[in-house]
Structure formats: structure tokens, C-alpha cells
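Read the structure below first, then the notes.
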Protein chains: 2
Amino acid sequence: MIRFYGPDIRTTCSLPEGESSHCVRVLRKHEGDKIEVVDGRGGLYRCTIMEANHKGVLVKIDDEIVLAKNWAPNITVAVAPTKHSDRMEWLIEKLVEIGVDRFVPLRCERSERKELKPDRLERIAISAMKQSLKAVMPQIDATTPLALFLKEFESSNAQKFVGYCDDDTPRQLLAKSYRANEDVVILIGPEGDFTPGEIMSCSAAGFVAVTMGDNRLRTETAALVATDTIHILNQALS
Amino acid sequence: MIRFYGPDIRTTCSLPEGESSHCVRVLRKHEGDKIEVVDGRGGLYRCTIMEANHKGVLVKIDDEIVLAKNWAPNITVAVAPTKHSDRMEWLIEKLVEIGVDRFVPLRCERSERKELKPDRLERIAISAMKQSLKAVMPQIDATTPLALFLKEFESSNAQKFVGYCDDDTPRQLLAKSYRANEDVVILIGPEGDFTPGEIMSCSAAGFVAVTMGDNRLRTETAALVATDTIHILNQALS
């Protein structure tokens with residue numbers, strides 16, 4: 001059954017305008033039809049359409065199911081946006097498909113791109129959430145300066161890893177470093193790499209330098225492979 | 001140093017036309033400049049340009065280095081092309097970045113797309129090989145009917161896995177099924193899924209049904225995550 005996104009479905013019994021238009025104009029749903037709505041916080045609602053208004057579909061909630069995320073630890077991924085924003089859009093789609101709790105675009109000294117369009121990222125994340133049959137949306141932060149991000153996680157108990165390109169620094173293999181089922185924060189440097197000062201700040205904040213193997217990966221590939229490593233180790237060792 | 005692709009560099013001491021044009025017209029290299037050339041079979045050649053011809057750069061080979069692939073087992077990935085070919089192009093880029101030995105586009109009964117443009121796939125693979133500092137190109141097959149593919153691997157000693165969407169069939173978790181450092185063949189079904197007959201043929205040819213976790217992944221995400229699982233388990237258990 002097709003799923004819709006209604007963050008306020010429980011309190012308003014209605015879908016937002018974009019989803020309503022898709023429901024009524026594209027999919028031609030009408031009064032009496034059954035639909036499923038996810039609220040992005042783990043709630044899946046089976047509903048019956050009461051009023052097929054393309055600006056705000058009204059529903060009756062027939063049934064409510066808790067559809068919690070299917071991975072245990074909290075996974076935060078922070079990435080300096082790539083020059084081409086389609087690579088970041090692709091990344092958020094893939095991260096939501098495989099599972100992520102929080103996505104933070106970072107502003108670094110050598111960032112190729114200073115801003116991402118938050119609306120567009122959110123639309124892609126919603127679509128990936130629905131497509132991969134999830135009911136939980138990740139938190140997507142506004143672009144955050146690296147120093148602010150490091151400050152937030154300075155005293156965090158999560159495992160903290162940072163991936164960058166500098167071959168001269170000794171780095172551990174992430175697949176051998178992560179302790180399964182623990183919360184984790186993954187930080188991936190910009191295409192132009194971190195500055196030496198930024199690397200020192202990461203290290204001072206407790207981030208351990210890692211590689212994802214003996215490969216030079218693009219920024220978005222590194223972020224995806226690192227997140228996937230967490231999931232695979234949690235699966236293999238559970 | 002910028003790298004070029006010259007599959008016949010050793011015998012002809014020259015670059016193909018496309019690479020020559022890029023070298024001379026875009027990067028404005030000229031006689032006497034040093035360049036690096038990879039042959040796609042694990043050879044890296046340090047060269048000096050003798051004649052900067054945009055139709056065929058001639059070089060002198062100064063030095064030859066063996067740059068073998070950095071993963072041990074042979075990894076074959078076979079995927080039914082997605083409706084949108086950009087998702088397949090993205091997949092081949094990412095597979096080459098993380099490492100794959102052979103890529104086979106499959107023709108299945110419910111394939112959304114029957115053909116891929118082999119030239120375009122090869123161009124993307126070459127670019128990803130150079131970008132990720134590899135000297136080995138994967139074999140990229142022409143689109144192959146599923147039955148022919150299964151016949152080839154029927155008596156193979158590699159571990160054989162098939163991923164598809166049918167929730168009714170009991171499936172193993174790939175992260176718990178793969179025995180590290182063994183050759184592997186991964187088969188991913190089309191967006192419209194395999195037919196029941198195709199699933200029976202896969203099983204008869206010794207392919208074990210797996211999932212990549214409790215997630216519904218897009219075809220191209222499933223292929224990437226499965227390949228990544230192989231690499232990560234090999235890294236974690238090496």
C-alpha cells in the first residue's frame with residue numbers, strides 16, 4: 001500500500017499540502033480509500049480518507065502501529081558538502097535507505113560548497129524513508145561550522161571517528177575500530193581535505209582518524225561506506 | 001600527478017584518442033612533461049611525453065610499477081538494470097571506487113530496462129578507476145540473459161548469493177553468511193523482482209537467498225551494500 005508522510009497526522013488527522021496533492025491529483029485517491037501514513041517518528045497509521053481535498057486530505061485513523069527503527073545505536077553522520085550538490089542529494093537518499101539518525105552538513109575551511117538546500121534534502125529524505133518502508137526520519141541539521149560541531153560532541157560518550165585523505169597520518173581501519181552496537185559519530189572531511197588545524201581540533205575533541213580501506217574514496221562514497229560499515233558490523237556481531 | 005588510461009601503453013607507447021585530447025587540449029601537457037598511465041590490468045607507468053599529439057600522445061616509459069588490486073577474493077556483481085540508467089551509472093562508479101572484479105548487467109523477465117550503453121559504463125568506470133587511484137579495470141559484460149549467467153556459475157566454487165524482495169521466502173543475513181576471503185558472486189533482482197520461476201532457477205544453480213538487513217533497498221543500493229558487505233567482512237576478519 002502506498003505510504004504518505006504526515007508529521008502531524010496524530011493531532012490534525014490531515015496530510016500536508018504536497019502529500020495531499022500527490023494523493024488526490026496524482027494517485028486519484030478519494031473518500032473512503034484506505035491509505036497508510038507515517039509520521040517520521042516511528043508511527044505508522046492506517047487511515048480512511050474522509051475528505052479528498054488536494055490542499056489537505058482529511059482522514060480517520062483506523063489503526064496505529066509502532067514501527068521503530070531497525071538498528072540499535074544512534075548514528076550521526078557529518079559531512080562537508082561536495083561541490084556538486086547532486087552528490088549530497090544522492091548521499092542523503094542512500095543514508096536514509098540504510099539507516100541514519102542525524103545528518104549534519106559541515107562548514108569547513110576548504111569546503112567546496114558552503115550551503116545545501118535544506119528543503120530539497122528533506123524532500124529526498126522523506127521519499128527515501130517512504131520507499132525503504134521506514135517510519136522514522138533522520139534529524140537533518142542546518143549547515144554547521146566544524147568548531148561548533150566538535151564542541152557539541154566533545155564530551156559525548158559515543159565512539160567518534162573522522163575520515164580524511166592525508167596519507168601521512170597513521171589511521172586505523174574503521175572495520176576494526178568500531179565496537180558493535182555503540183552510538184557513533186562519523187565525520188567526513190571536504191573534497192579539498194581538512195586543514196592541519198582542523199585535523200588537530202578533531203583529534204582534541206576525541207575523534208579517531210580512520211580509513212575505510214586502502215582506497216581513495218570520494219567524499220560521498222566515504223560517508224556512505226563508513227555508515228554501512230557500522231550497520232554491517234552490528235549485523236555480523238549481533 | 002594526473003593519471004591517464006592507456007590499455008595498450010606497453011605495446012604502443014601511446015594514449016587512446018579521448019585520453020590524448022584530454023591530455024593535450026584540456027590539460028595542455030606538452031613534450032617533456034611527465035605523466036602517469038594505468039593500463040587497467042594492474043600496471044602503472046611513469047612516462048615522459050615525446051609527442052603531444054591530441055589524437056595520440058606518444059610517450060617514453062620511464063618506469064613500470066605493479067599496482068595490484070587491494071582486495072583478495074574475486075567479486076562478481078550481476079544486476080538487472082534499473083529503469084533510470086543514471087542509477088546504474090552511479091552504481092558502476094561506486095562499485096569501481098570500493099572494488100569489484102566483474103560487473104554483469106542482467107536481462108530478467110521483469111527487467112525495467114533491457115540494455116545499458118556499454119561505452120558510457122566503461123567511460124564512468126575508467127574515470128572512477130583513475131579517481132580512486134586504482135590501476136585495475138573491472139570486466140564489464142554486455143547485458144546477459146539470467147539463464148545464461150546462471151549456467152556459467154552453476155559449477156563455480158565461489159560463494160553465490162541472490163538478493164530480492166520477496167518477504168515470504170526465508171533468507172539469511174549476508175553479513176552472517178559470507179565466509180571471508182572467498183570468491184563471491186552477488187546477484188541482485190530487478191525493481192519488479194524476479195518471477196517465481198527465476199527464483200527457482202537461481203536456487204537450482206546454488207544461489208543462496210540473502211538480505212542486507214531489515215530494510216527495503218533500491219536495486220542499486222542493494223548491489224552496493226552487498227558488495228560493501230564483502231569488503232567490510234574481509235577487512236574486519238583479516
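Quick note on naming: the chains in the C-alpha cells go A, B, ... in the order shown, residues restart at 1 in each chain, and ligands are numbered from 1 in order of appearance.
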
Just list the residues in chain B DSSP gives strand (DSSP E or B) on the backbone, as an MDAnalysis selection string.
-> chainID B and resid 3:5 14 34:38 40:41 43:51 58:66 75:79 102:107 136 139:140 144:145 159:163 172:173 184:188 208:211

Residues at most 12 Å from Ser85 (chain A), counting only C-alpha atoms, excluding those fewer than 2 positions away in the same chain, as a PyMOL selection string?
-> chain A and resi 80-83+87-92+105+112-118+120-121+219-220

Quote the spacing between CA of Tyr5 (chain A) and CA of Ile140 (chain A) in Å to one decimal place.
-> 16.2 Å

Selection: 7 Å around region 187-203 of chain B, only C-alpha atoms, excl. self and same-chain fewer than 4 positions, as a PyMOL selection string | chain B and resi 77-82+110-112+150+161-165+207-208+219+223

Just the residues within 9 Å of Asp228 (chain B), please, counting only C-alpha atoms, with nothing from its chain fewer than 5 positions along; format it as a ChimeraX atom specification.
-> /A:225,228-229,232 /B:95,98-99,223,233
